[in-house]
Structures are given as structure tokens and as C-alpha cells.
file target_11.txt (compact mmCIF, C-alpha atoms and all ligand atoms)
# COMPACT_ATOMS: atom_id res chain seq x y z
CA MET A 25 56.91 34.09 -23.92
CA LYS A 26 56.60 34.26 -20.16
CA THR A 27 55.33 31.15 -18.35
CA TYR A 28 53.15 31.01 -15.26
CA PRO A 29 54.08 27.89 -13.22
CA ILE A 30 51.17 28.23 -10.75
CA ARG A 31 48.58 28.61 -13.51
CA LYS A 32 50.12 25.59 -15.28
CA ALA A 33 49.90 23.53 -12.10
CA ILE A 34 46.23 24.47 -11.60
CA PHE A 35 45.41 23.48 -15.18
CA TYR A 36 47.22 20.16 -14.75
CA LEU A 37 45.35 19.44 -11.51
CA PHE A 38 42.04 20.29 -13.22
CA PHE A 39 42.64 17.76 -16.01
CA VAL A 40 43.71 15.05 -13.56
CA LEU A 41 40.52 15.59 -11.54
CA LEU A 42 38.41 15.57 -14.70
CA SER A 43 39.84 12.24 -15.88
CA ILE A 44 39.26 10.66 -12.44
CA LEU A 45 35.65 11.86 -12.38
CA SER A 46 34.84 10.72 -15.90
CA SER A 47 36.13 7.20 -15.26
CA ALA A 48 34.21 6.85 -11.98
CA HIS A 49 31.16 4.57 -11.91
CA LEU A 50 28.34 6.45 -10.32
CA PRO A 51 25.90 3.95 -8.81
CA VAL A 52 22.50 3.78 -10.53
CA GLU A 53 19.53 2.36 -8.65
CA GLY A 54 18.69 -1.14 -9.83
CA THR A 55 21.80 -1.67 -11.93
CA LYS A 56 23.75 -3.74 -9.43
CA THR A 57 21.17 -6.47 -9.08
CA ALA A 58 19.79 -6.29 -12.62
CA PRO A 59 19.26 -9.78 -14.07
CA ASN A 60 21.74 -9.02 -16.85
CA THR A 61 23.51 -6.12 -18.49
CA LEU A 62 20.28 -4.36 -19.42
CA GLU A 63 20.56 -0.68 -18.71
CA TRP A 64 17.75 0.95 -16.82
CA HIS A 65 16.72 3.61 -19.29
CA ILE A 66 13.21 3.69 -18.05
CA SER A 67 13.26 6.66 -15.70
CA PRO A 68 16.40 8.31 -14.41
CA SER A 69 14.13 10.68 -12.47
CA ASP A 70 12.49 7.77 -10.64
CA PRO A 71 15.21 5.79 -8.84
CA GLY A 72 12.57 3.67 -7.06
CA CYS A 73 11.48 2.19 -10.36
CA GLY A 74 14.39 -0.25 -10.70
CA LYS A 75 13.95 -1.50 -7.13
CA ALA A 76 10.20 -2.00 -7.47
CA PHE A 77 10.64 -3.80 -10.77
CA LEU A 78 13.25 -6.14 -9.32
CA LYS A 79 10.96 -6.86 -6.38
CA ASP A 80 8.20 -7.89 -8.78
CA LEU A 81 10.68 -10.07 -10.66
CA ASN A 82 11.85 -11.74 -7.43
CA ASP A 83 8.31 -12.20 -6.13
CA ASN A 84 7.11 -13.75 -9.38
CA PRO A 85 9.47 -16.51 -10.58
CA LYS A 86 7.38 -17.11 -13.70
CA PHE A 87 7.62 -13.41 -14.55
CA ALA A 88 11.40 -13.58 -14.05
CA ALA A 89 11.65 -16.66 -16.29
CA TRP A 90 9.59 -14.96 -18.99
CA PHE A 91 11.55 -11.72 -18.70
CA ASN A 92 14.98 -13.34 -18.72
CA GLN A 93 14.44 -15.14 -22.00
CA LEU A 94 13.68 -11.89 -23.86
CA SER A 95 16.12 -10.05 -26.11
CA ASP A 96 17.51 -6.81 -24.69
CA GLN A 97 15.10 -4.77 -26.83
CA ALA A 98 12.16 -6.90 -25.71
CA LYS A 99 13.33 -6.53 -22.10
CA TYR A 100 13.27 -2.79 -22.52
CA ASN A 101 9.72 -2.98 -23.93
CA ALA A 102 8.63 -5.27 -21.09
CA LEU A 103 10.10 -2.95 -18.49
CA ARG A 104 8.28 -0.05 -20.07
CA ALA A 105 5.03 -2.03 -20.11
CA TRP A 106 5.55 -2.96 -16.46
CA LYS A 107 6.00 0.67 -15.42
CA ILE A 108 3.02 2.02 -17.36
CA ILE A 109 0.64 -0.81 -16.47
CA LYS A 110 1.59 -1.02 -12.80
CA ASN A 111 1.03 2.71 -12.34
CA LYS A 112 -2.15 3.12 -14.36
CA VAL A 113 -5.05 2.04 -12.16
CA TYR A 114 -7.67 -0.10 -13.91
CA PRO A 115 -11.07 1.57 -13.33
CA ASN A 116 -12.84 -1.78 -12.74
CA VAL A 117 -16.23 -0.46 -13.75
CA GLY A 118 -19.15 -2.53 -15.04
CA HIS A 119 -21.11 -2.40 -18.28
CA ARG A 120 -23.64 0.44 -18.60
CA PRO A 121 -27.19 0.21 -19.89
CA TRP A 122 -27.10 1.17 -23.57
CA GLU A 123 -30.04 3.53 -23.23
CA ILE A 124 -28.25 5.67 -20.62
CA THR A 125 -25.19 6.14 -22.83
CA ARG A 126 -27.43 6.73 -25.82
CA GLN A 127 -29.40 9.49 -24.08
CA GLU A 128 -26.20 11.14 -22.81
CA ILE A 129 -24.76 11.26 -26.34
CA ILE A 130 -27.97 12.78 -27.69
CA ALA A 131 -28.03 15.37 -24.88
CA ARG A 132 -24.38 16.37 -25.49
CA ASP A 133 -25.16 16.73 -29.18
CA LYS A 134 -21.50 16.53 -30.20
CA PRO A 135 -21.44 15.85 -33.96
CA SER A 136 -18.67 13.22 -33.87
CA GLU A 137 -20.39 11.27 -31.07
CA ILE A 138 -23.78 11.41 -32.83
CA LYS A 139 -22.12 10.14 -35.99
CA ILE A 140 -20.51 7.23 -34.13
CA LEU A 141 -23.74 6.42 -32.28
CA ASN A 142 -25.66 6.22 -35.55
CA ALA A 143 -23.01 4.04 -37.18
CA VAL A 144 -22.89 1.61 -34.25
CA GLU A 145 -26.68 1.35 -34.00
CA ASN A 146 -27.03 0.80 -37.73
CA ALA A 147 -24.19 -1.73 -37.97
CA ALA A 148 -25.00 -5.42 -38.40
CA PRO A 149 -25.38 -6.95 -34.94
CA PRO A 150 -22.59 -9.24 -33.67
CA THR A 151 -22.89 -12.86 -34.77
CA ASN A 152 -23.01 -15.83 -32.37
CA SER A 153 -19.24 -16.00 -32.16
CA GLN A 154 -18.91 -12.26 -31.60
CA VAL A 155 -19.49 -10.30 -28.40
CA ALA A 156 -19.48 -6.63 -29.35
CA VAL A 157 -19.42 -4.05 -32.10
CA ALA A 158 -17.18 -0.98 -31.86
CA GLY A 159 -17.26 2.24 -33.85
CA ALA A 160 -14.10 4.36 -34.07
CA TYR A 161 -13.73 7.76 -35.65
CA SER A 162 -11.34 10.68 -35.84
CA HIS A 163 -12.63 14.13 -36.76
CA GLU A 164 -9.19 14.81 -38.26
CA LEU A 165 -9.84 12.09 -40.83
CA GLY A 166 -13.50 12.68 -41.47
CA GLY A 167 -15.14 10.08 -43.68
CA SER A 168 -17.12 7.20 -42.27
CA VAL A 169 -17.00 5.58 -38.84
CA ILE A 170 -14.89 2.40 -38.74
CA ILE A 171 -16.91 -0.56 -37.51
CA ARG A 172 -15.21 -3.68 -36.11
CA TYR A 173 -16.25 -6.79 -34.17
CA ASN A 174 -14.14 -8.92 -31.88
CA ASN A 175 -12.26 -11.40 -34.04
CA ARG A 176 -10.42 -14.33 -32.49
CA SER A 177 -8.69 -15.20 -35.72
CA PHE A 178 -7.10 -11.75 -36.03
CA ASP A 179 -3.29 -11.96 -35.95
CA VAL A 180 -2.26 -9.50 -33.22
CA ASN A 181 1.15 -9.14 -34.90
CA GLN A 182 -0.71 -7.11 -37.51
CA LEU A 183 -1.60 -4.42 -34.97
CA GLU A 184 0.08 -1.06 -35.37
CA PRO A 185 3.20 -0.85 -33.13
CA GLU A 186 1.55 1.67 -30.78
CA LEU A 187 -1.25 -0.81 -30.04
CA LYS A 188 0.94 -3.91 -30.09
CA GLN A 189 3.55 -2.72 -27.62
CA TYR A 190 1.94 -4.14 -24.45
CA VAL A 191 0.28 -7.21 -25.97
CA ASP A 192 3.02 -9.75 -25.13
CA TYR A 193 3.23 -8.48 -21.57
CA LEU A 194 -0.55 -8.56 -21.08
CA GLN A 195 -0.73 -12.04 -22.59
CA MET A 196 2.05 -13.23 -20.28
CA ILE A 197 -0.02 -12.16 -17.24
CA LYS A 198 -3.13 -13.82 -18.68
CA ASN A 199 -1.25 -17.06 -19.44
CA ASP A 200 0.02 -17.07 -15.87
CA PHE A 201 -3.51 -16.67 -14.53
CA ASP A 202 -4.84 -19.41 -16.80
CA THR A 203 -2.24 -21.80 -15.39
CA GLY A 204 -3.09 -21.01 -11.77
CA GLY A 205 -0.83 -18.01 -11.18
CA ASN A 206 -1.49 -14.78 -9.26
CA MET A 207 0.87 -12.49 -11.13
CA TYR A 208 -2.00 -10.16 -11.98
CA LYS A 209 -2.23 -9.19 -8.30
CA ASN A 210 1.29 -7.71 -8.36
CA LEU A 211 1.65 -6.53 -11.91
CA TYR A 212 -1.72 -4.85 -12.28
CA SER A 213 -3.33 -2.22 -10.15
CA ASN A 214 -6.99 -2.84 -9.27
CA VAL A 215 -7.72 -5.73 -11.67
CA PRO A 216 -9.94 -8.22 -9.80
CA GLU A 217 -10.01 -11.96 -10.52
CA LEU A 218 -13.28 -11.83 -12.46
CA LYS A 219 -11.87 -9.30 -14.94
CA ILE A 220 -8.68 -11.23 -15.68
CA GLN A 221 -10.72 -14.42 -15.91
CA ASN A 222 -13.09 -12.95 -18.51
CA ALA A 223 -10.44 -11.02 -20.42
CA GLY A 224 -9.70 -13.64 -23.10
CA ALA A 225 -6.59 -13.31 -25.22
CA ALA A 226 -5.10 -9.84 -25.67
CA GLY A 227 -5.48 -7.72 -28.78
CA PHE A 228 -8.48 -8.90 -30.80
CA HIS A 229 -11.45 -7.19 -29.18
CA ALA A 230 -13.68 -4.87 -31.20
CA GLU A 231 -12.42 -1.59 -29.68
CA VAL A 232 -8.78 -2.50 -30.39
CA LEU A 233 -9.46 -3.53 -33.99
CA ALA A 234 -11.55 -0.42 -34.72
CA THR A 235 -8.90 1.84 -33.14
CA ASN A 236 -6.17 0.06 -35.08
CA GLU A 237 -7.83 0.79 -38.41
CA VAL A 238 -8.22 4.49 -37.56
CA VAL A 239 -4.56 4.68 -36.47
CA ARG A 240 -3.57 3.07 -39.77
CA ARG A 241 -5.59 5.66 -41.72
CA LEU A 242 -4.33 8.58 -39.64
CA LYS A 243 -0.78 7.45 -40.39
CA ALA A 244 -1.53 7.22 -44.10
CA ALA A 245 -2.80 10.81 -43.90
CA GLY A 246 0.34 11.93 -42.02
CA LYS A 247 -1.72 12.76 -38.93
CA PHE A 248 -0.46 10.22 -36.42
CA ASN A 249 2.89 10.90 -34.79
CA GLY A 250 2.95 8.81 -31.64
CA MET A 251 0.93 7.65 -28.66
CA LYS A 252 -0.37 11.12 -27.83
CA ASP A 253 -2.33 11.10 -31.09
CA LEU A 254 -4.53 8.26 -29.82
CA ASN A 255 -6.58 11.11 -28.30
CA LYS A 256 -7.61 12.04 -31.84
CA ILE A 257 -9.76 8.89 -31.83
CA GLU A 258 -13.22 8.41 -30.29
CA VAL A 259 -14.59 4.93 -29.69
CA LEU A 260 -18.02 3.59 -28.73
CA VAL A 261 -18.58 -0.08 -27.81
CA LYS A 262 -21.96 -1.84 -27.85
CA GLY A 263 -22.29 -5.34 -26.47
CA LYS A 264 -24.31 -8.07 -28.11
CA SER A 265 -26.88 -8.49 -25.35
CA ALA A 266 -28.81 -5.96 -23.28
CA SER A 267 -26.80 -6.88 -20.18
CA PHE A 268 -23.55 -6.00 -21.95
CA GLY A 269 -25.00 -2.66 -23.10
CA ASN A 270 -22.30 -0.01 -23.45
CA MET A 271 -19.46 -2.36 -22.54
CA CYS A 272 -16.55 -1.49 -20.28
CA ARG A 273 -13.07 -2.43 -21.47
CA CYS A 274 -11.33 -5.58 -20.27
CA PRO A 275 -7.85 -5.01 -18.72
CA HIS A 276 -6.18 -5.84 -22.05
CA CYS A 277 -8.18 -3.32 -24.06
CA PHE A 278 -7.90 -0.71 -21.30
CA TYR A 279 -4.09 -0.69 -21.52
CA ILE A 280 -3.83 -1.24 -25.28
CA THR A 281 -6.14 1.67 -26.12
CA ASP A 282 -5.09 3.95 -23.25
CA GLY A 283 -5.35 7.52 -24.55
CA VAL A 284 -8.30 6.91 -26.86
CA LYS A 285 -11.46 8.86 -25.98
CA MET A 286 -13.95 6.22 -24.92
CA ILE A 287 -17.57 7.33 -25.19
CA GLY A 288 -19.97 6.52 -22.34
CA ASN A 289 -17.88 3.95 -20.49
CA GLN A 290 -14.27 3.26 -19.56
ZN ZN B 1 -11.11 -6.24 -24.30

call {"tool": "encode", "arguments": {"input": "target_11.txt", "output": "C-alpha cells"}}
result
Amino acid sequence: MKTYPIRKAIFYLFFVLLSILSSAHLPVEGTKTAPNTLEWHISPSDPGCGKAFLKDLNDNPKFAAWFNQLSDQAKYNALRAWKIIKNKVYPNVGHRPWEITRQEIIARDKPSEIKILNAVENAAPPTNSQVAVAGAYSHELGGSVIIRYNNRSFDVNQLEPELKQYVDYLQMIKNDFDTGGNMYKNLYSNVPELKIQNAGAAGFHAEVLATNEVVRRLKAAGKFNGMKDLNKIEVLVKGKSASFGNMCRCPHCFYITDGVKMIGNQ
């Protein structure tokens, strides 16, 4: 068999180059100054993300302390929460008069909304320790509207993973605020002091608990396959007093139930 020395040499050179390239460490934004060996999976297409996150860590020592004590998996979840929550602007709207929302629902005449309206209006009113009643429904499930009230004694660890994923992060920001911190100014977008002050603990408000039950039932029916399916759920919230009316969501509920179709208010 005839040999071709030049072709051989080219092949050899090719493999040498390949091995050099594969062993090279290509710099990834954020990796060098990362607080530990955590890899920045969050968004290879957004190299600014790592830098911005590290800036928030450096500017908020309590955030850094909280973040650094997490397991690698929890760090990943926290980083994900940071990215989503920082970039999703809180609407910062007020409560709406119930009658306005009520009339709008009647005018739209959408069967699912009418069904939820009737269920919420016919539900037992919130007790003294409760603030609101929420009705949640998915037309894919049918059946009756799920009614829930805010419940301080609810164990947020019982929430479905899709609704629980930001709770620790949100609670960390709230705990910081309650102990005199200003982390909410950096880590949120458009959440004013009054809203973080009134937010309470994360994860037990009526709209979250009603949504959670519908998610649970959708899963049981094989009709919930990830966050995108939160848009199969419609939710209406009615406050205890006239001034609460059709209540807006607190920052916690806004991020926990992001993707759900809220009726009347945000
Ligand atoms: Zn809330």
C-alpha cells in the first residue's frame, strides 16, 4: 500500500490542534469571581447575567451570606430566582373596586370567569383572621371552582414544586426588610416599601393556595407539564373589606403565581 507523507503530516497536525483546543479553558463571564465552584448554567446567551448577579451579591452582604450557605443545587435555584425576579417588573397596582371587576366579568360573558365569579361571591366570607378569598379554576379540569383563604398555618413546604421554587428567595428578601435591610431595592424591580412592608410571609395567601390545589389536580389528571401550564389556570381574588375589593397581588404572590391568568387585577 502506497503512503502519502504530506497527507499523514496534515492529519497529525489536525489531531495535535484538536487536543490543544479541547484542553483550553475558554473564559466564561462570571466564572472567575464566582463565590465558589458553582457553574453559571443560567444563561449562556446572556453573559451580563453573571456580572450583574455578582454585583448584587457584593452590594448586599446579607444576600451574599445567605447565598453562600446554600447547597449547590439551592444556589442554582436562587440564581434562577434572582434572574427571573429581577427582570420581571412588579406592576405595583392598587386594589380595584369589586363592582368594577364584577361588571367587567359580566360584560365579557366568558363562561369560566362567570363560574369563578359566582363561586367567589357565594363562598363563605373570610373570617377575622383571614384577608381574602380566592377562586381558581381550569377549564381543562372542569368540575367546581377551588376556593381558598389565606392561611398562616399552611406549611409552604407542601406547595407544588412549581409554586415553591421562589419562596425561600422571596422570604429571604422579606426577612432582610423586616430586620432593617434594603435588599428589596436591588433584587426587585418596582416594588415600593409599602408593598414589601405589607407582604407578610411568602406562600400562604389565598391565590397561591387556590392555584396550588388546581395544579395538584391538573397533575393528577396528567394535564400539567411545567410552568407554562400555569396559564391553564384562572384566578379571582376578593378582599374581605370593600376597600380591598378585587385585590392586587403582593410581590410574593405576583412572582409565585406568575403565568396564572389573574381576573380583573394583577
Ligand atoms: Zn400575596

call {"tool": "atom_distance", "arguments": {"input": "target_11.txt", "atom1": "atom CA of Arg126 of chain A", "atom2": "atom CA of Ser267 of chain A"}}
result
14.7 Å

call {"tool": "residues_around", "arguments": {"input": "target_11.txt", "residues": "Glu123 of chain A", "least_positions_apart": "2", "cutoff": "12 Å", "atoms": "all atoms listed in the file", "output": "PyMOL selection string"}}
result
chain A and resi 119-121+125-130+141+145+262+266-270+288

call {"tool": "write_last_selection", "arguments": {"input": "target_11.txt", "atoms": "C-alpha atoms", "output": "mmCIF file, in the frame of the given file"}}
result
data_model
loop_
_atom_site.group_PDB
_atom_site.id
_atom_site.type_symbol
_atom_site.label_atom_id
_atom_site.label_comp_id
_atom_site.auth_asym_id
_atom_site.auth_seq_id
_atom_site.Cartn_x
_atom_site.Cartn_y
_atom_site.Cartn_z
ATOM 1 C CA HIS A 119 -21.110 -2.400 -18.280
ATOM 2 C CA ARG A 120 -23.640 0.440 -18.600
ATOM 3 C CA PRO A 121 -27.190 0.210 -19.890
ATOM 4 C CA THR A 125 -25.190 6.140 -22.830
ATOM 5 C CA ARG A 126 -27.430 6.730 -25.820
ATOM 6 C CA GLN A 127 -29.400 9.490 -24.080
ATOM 7 C CA GLU A 128 -26.200 11.140 -22.810
ATOM 8 C CA ILE A 129 -24.760 11.260 -26.340
ATOM 9 C CA ILE A 130 -27.970 12.780 -27.690
ATOM 10 C CA LEU A 141 -23.740 6.420 -32.280
ATOM 11 C CA GLU A 145 -26.680 1.350 -34.000
ATOM 12 C CA LYS A 262 -21.960 -1.840 -27.850
ATOM 13 C CA ALA A 266 -28.810 -5.960 -23.280
ATOM 14 C CA SER A 267 -26.800 -6.880 -20.180
ATOM 15 C CA PHE A 268 -23.550 -6.000 -21.950
ATOM 16 C CA GLY A 269 -25.000 -2.660 -23.100
ATOM 17 C CA ASN A 270 -22.300 -0.010 -23.450
ATOM 18 C CA GLY A 288 -19.970 6.520 -22.340
#

call {"tool": "closest_residue", "arguments": {"input": "target_11.txt", "among": "A:Asn210, A:Ile287, A:Pro216, A:Arg176", "to": "ligand ZN 1 (chain B)", "atoms": "only C-alpha atoms and all ligand atoms"}}
result
A:Arg176

call {"tool": "residues_near_ligand", "arguments": {"input": "target_11.txt", "ligand": "ligand ZN 1 (chain B)", "cutoff": "6 Å", "atoms": "only C-alpha atoms and all ligand atoms", "output": "PyMOL selection string"}}
result
chain A and resi 229+273-274+276-277

call {"tool": "write_last_selection", "arguments": {"input": "target_11.txt", "atoms": "C-alpha atoms", "output": "mmCIF file, keeping the file's coordinate frame"}}
result
data_model
loop_
_atom_site.group_PDB
_atom_site.id
_atom_site.type_symbol
_atom_site.label_atom_id
_atom_site.label_comp_id
_atom_site.auth_asym_id
_atom_site.auth_seq_id
_atom_site.Cartn_x
_atom_site.Cartn_y
_atom_site.Cartn_z
ATOM 1 C CA HIS A 229 -11.450 -7.190 -29.180
ATOM 2 C CA ARG A 273 -13.070 -2.430 -21.470
ATOM 3 C CA CYS A 274 -11.330 -5.580 -20.270
ATOM 4 C CA HIS A 276 -6.180 -5.840 -22.050
ATOM 5 C CA CYS A 277 -8.180 -3.320 -24.060
#

call {"tool": "atom_distance", "arguments": {"input": "target_11.txt", "atom1": "atom CA of Tyr173 of chain A", "atom2": "atom CA of Pro185 of chain A"}}
result
20.4 Å

call {"tool": "atom_distance", "arguments": {"input": "target_11.txt", "atom1": "atom CA of Gly166 of chain A", "atom2": "atom CA of Val180 of chain A"}}
result
26.2 Å

call {"tool": "closest_residue", "arguments": {"input": "target_11.txt", "among": "A:Ile197, A:Leu103, A:Val117, A:Ile109", "to": "Asn289 of chain A", "atoms": "all atoms listed in the file"}}
result
A:Val117

call {"tool": "residues_around", "arguments": {"input": "target_11.txt", "residues": "Asp192 of chain A", "least_positions_apart": "6", "cutoff": "12 Å", "atoms": "only C-alpha atoms", "output": "PDB file with C-alpha atoms, in the coordinates of the input"}}
result
ATOM      1  CA  TRP A  90       9.590 -14.960 -18.990  1.00  0.00           C
ATOM      2  CA  PHE A  91      11.550 -11.720 -18.700  1.00  0.00           C
ATOM      3  CA  LEU A  94      13.680 -11.890 -23.860  1.00  0.00           C
ATOM      4  CA  ALA A  98      12.160  -6.900 -25.710  1.00  0.00           C
ATOM      5  CA  LYS A  99      13.330  -6.530 -22.100  1.00  0.00           C
ATOM      6  CA  ASN A 101       9.720  -2.980 -23.930  1.00  0.00           C
ATOM      7  CA  ALA A 102       8.630  -5.270 -21.090  1.00  0.00           C
ATOM      8  CA  LEU A 103      10.100  -2.950 -18.490  1.00  0.00           C
ATOM      9  CA  ALA A 105       5.030  -2.030 -20.110  1.00  0.00           C
ATOM     10  CA  TRP A 106       5.550  -2.960 -16.460  1.00  0.00           C
ATOM     11  CA  VAL A 180      -2.260  -9.500 -33.220  1.00  0.00           C
ATOM     12  CA  ASN A 181       1.150  -9.140 -34.900  1.00  0.00           C
ATOM     13  CA  PRO A 185       3.200  -0.850 -33.130  1.00  0.00           C
ATOM     14  CA  LYS A 198      -3.130 -13.820 -18.680  1.00  0.00           C
ATOM     15  CA  ASN A 199      -1.250 -17.060 -19.440  1.00  0.00           C
ATOM     16  CA  ALA A 225      -6.590 -13.310 -25.220  1.00  0.00           C
ATOM     17  CA  ALA A 226      -5.100  -9.840 -25.670  1.00  0.00           C
ATOM     18  CA  GLY A 227      -5.480  -7.720 -28.780  1.00  0.00           C
ATOM     19  CA  HIS A 276      -6.180  -5.840 -22.050  1.00  0.00           C
ATOM     20  CA  ILE A 280      -3.830  -1.240 -25.280  1.00  0.00           C
TER      21      ILE A 280
END

call {"tool": "closest_residue", "arguments": {"input": "target_11.txt", "among": "A:His163, A:Lys79, A:Arg172, A:Lys219", "to": "Pro150 of chain A", "atoms": "all atoms listed in the file"}}
result
A:Arg172

call {"tool": "decode", "arguments": {"input": "target_11.txt", "residues": "segment 71-94 of chain A", "atoms": "N, CA and C atoms", "output": "mmCIF file, in the first residue's frame"}}
result
data_model
loop_
_atom_site.group_PDB
_atom_site.id
_atom_site.type_symbol
_atom_site.label_atom_id
_atom_site.label_comp_id
_atom_site.auth_asym_id
_atom_site.auth_seq_id
_atom_site.Cartn_x
_atom_site.Cartn_y
_atom_site.Cartn_z
ATOM 1 N N PRO A 71 -24.273 36.883 28.734
ATOM 2 C CA PRO A 71 -23.044 36.943 29.519
ATOM 3 C C PRO A 71 -23.070 38.016 30.600
ATOM 4 N N GLY A 72 -23.983 39.002 30.487
ATOM 5 C CA GLY A 72 -24.063 40.040 31.510
ATOM 6 C C GLY A 72 -24.672 39.544 32.803
ATOM 7 N N CYS A 73 -25.367 38.425 32.712
ATOM 8 C CA CYS A 73 -26.100 37.907 33.864
ATOM 9 C C CYS A 73 -25.182 37.625 35.053
ATOM 10 N N GLY A 74 -24.076 36.916 34.799
ATOM 11 C CA GLY A 74 -23.153 36.581 35.883
ATOM 12 C C GLY A 74 -22.607 37.817 36.559
ATOM 13 N N LYS A 75 -22.242 38.824 35.766
ATOM 14 C CA LYS A 75 -21.690 40.074 36.303
ATOM 15 C C LYS A 75 -22.706 40.794 37.177
ATOM 16 N N ALA A 76 -23.932 40.916 36.653
ATOM 17 C CA ALA A 76 -24.978 41.628 37.383
ATOM 18 C C ALA A 76 -25.305 40.916 38.690
ATOM 19 N N PHE A 77 -25.323 39.587 38.627
ATOM 20 C CA PHE A 77 -25.611 38.813 39.837
ATOM 21 C C PHE A 77 -24.519 39.028 40.880
ATOM 22 N N LEU A 78 -23.272 38.983 40.445
ATOM 23 C CA LEU A 78 -22.162 39.174 41.379
ATOM 24 C C LEU A 78 -22.174 40.579 41.971
ATOM 25 N N LYS A 79 -22.611 41.554 41.180
ATOM 26 C CA LYS A 79 -22.706 42.914 41.702
ATOM 27 C C LYS A 79 -23.742 42.976 42.821
ATOM 28 N N ASP A 80 -24.889 42.318 42.586
ATOM 29 C CA ASP A 80 -25.910 42.289 43.639
ATOM 30 C C ASP A 80 -25.399 41.569 44.887
ATOM 31 N N LEU A 81 -24.628 40.500 44.681
ATOM 32 C CA LEU A 81 -24.053 39.789 45.837
ATOM 33 C C LEU A 81 -23.112 40.712 46.598
ATOM 34 N N ASN A 82 -22.234 41.414 45.859
ATOM 35 C CA ASN A 82 -21.245 42.283 46.506
ATOM 36 C C ASN A 82 -21.892 43.474 47.191
ATOM 37 N N ASP A 83 -22.986 43.985 46.578
ATOM 38 C CA ASP A 83 -23.647 45.160 47.146
ATOM 39 C C ASP A 83 -24.542 44.813 48.332
ATOM 40 N N ASN A 84 -24.826 43.548 48.503
ATOM 41 C CA ASN A 84 -25.741 43.128 49.567
ATOM 42 C C ASN A 84 -25.100 42.011 50.392
ATOM 43 N N PRO A 85 -24.289 42.375 51.392
ATOM 44 C CA PRO A 85 -23.564 41.358 52.174
ATOM 45 C C PRO A 85 -24.478 40.295 52.789
ATOM 46 N N LYS A 86 -25.690 40.717 53.192
ATOM 47 C CA LYS A 86 -26.606 39.727 53.789
ATOM 48 C C LYS A 86 -27.085 38.720 52.742
ATOM 49 N N PHE A 87 -27.252 39.219 51.506
ATOM 50 C CA PHE A 87 -27.627 38.342 50.389
ATOM 51 C C PHE A 87 -26.481 37.356 50.130
ATOM 52 N N ALA A 88 -25.255 37.863 50.137
ATOM 53 C CA ALA A 88 -24.085 37.008 49.910
ATOM 54 C C ALA A 88 -23.982 35.940 50.995
ATOM 55 N N ALA A 89 -24.213 36.346 52.246
ATOM 56 C CA ALA A 89 -24.122 35.394 53.366
ATOM 57 C C ALA A 89 -25.185 34.309 53.218
ATOM 58 N N TRP A 90 -26.378 34.739 52.847
ATOM 59 C CA TRP A 90 -27.482 33.777 52.656
ATOM 60 C C TRP A 90 -27.151 32.833 51.504
ATOM 61 N N PHE A 91 -26.694 33.410 50.402
ATOM 62 C CA PHE A 91 -26.416 32.628 49.194
ATOM 63 C C PHE A 91 -25.299 31.616 49.426
ATOM 64 N N ASN A 92 -24.243 32.078 50.108
ATOM 65 C CA ASN A 92 -23.061 31.223 50.271
ATOM 66 C C ASN A 92 -23.295 29.989 51.142
ATOM 67 N N GLN A 93 -24.317 30.048 51.997
ATOM 68 C CA GLN A 93 -24.542 28.885 52.861
ATOM 69 C C GLN A 93 -25.440 27.841 52.195
ATOM 70 N N LEU A 94 -25.887 28.112 50.970
ATOM 71 C CA LEU A 94 -26.773 27.163 50.282
ATOM 72 C C LEU A 94 -25.978 26.006 49.663
#
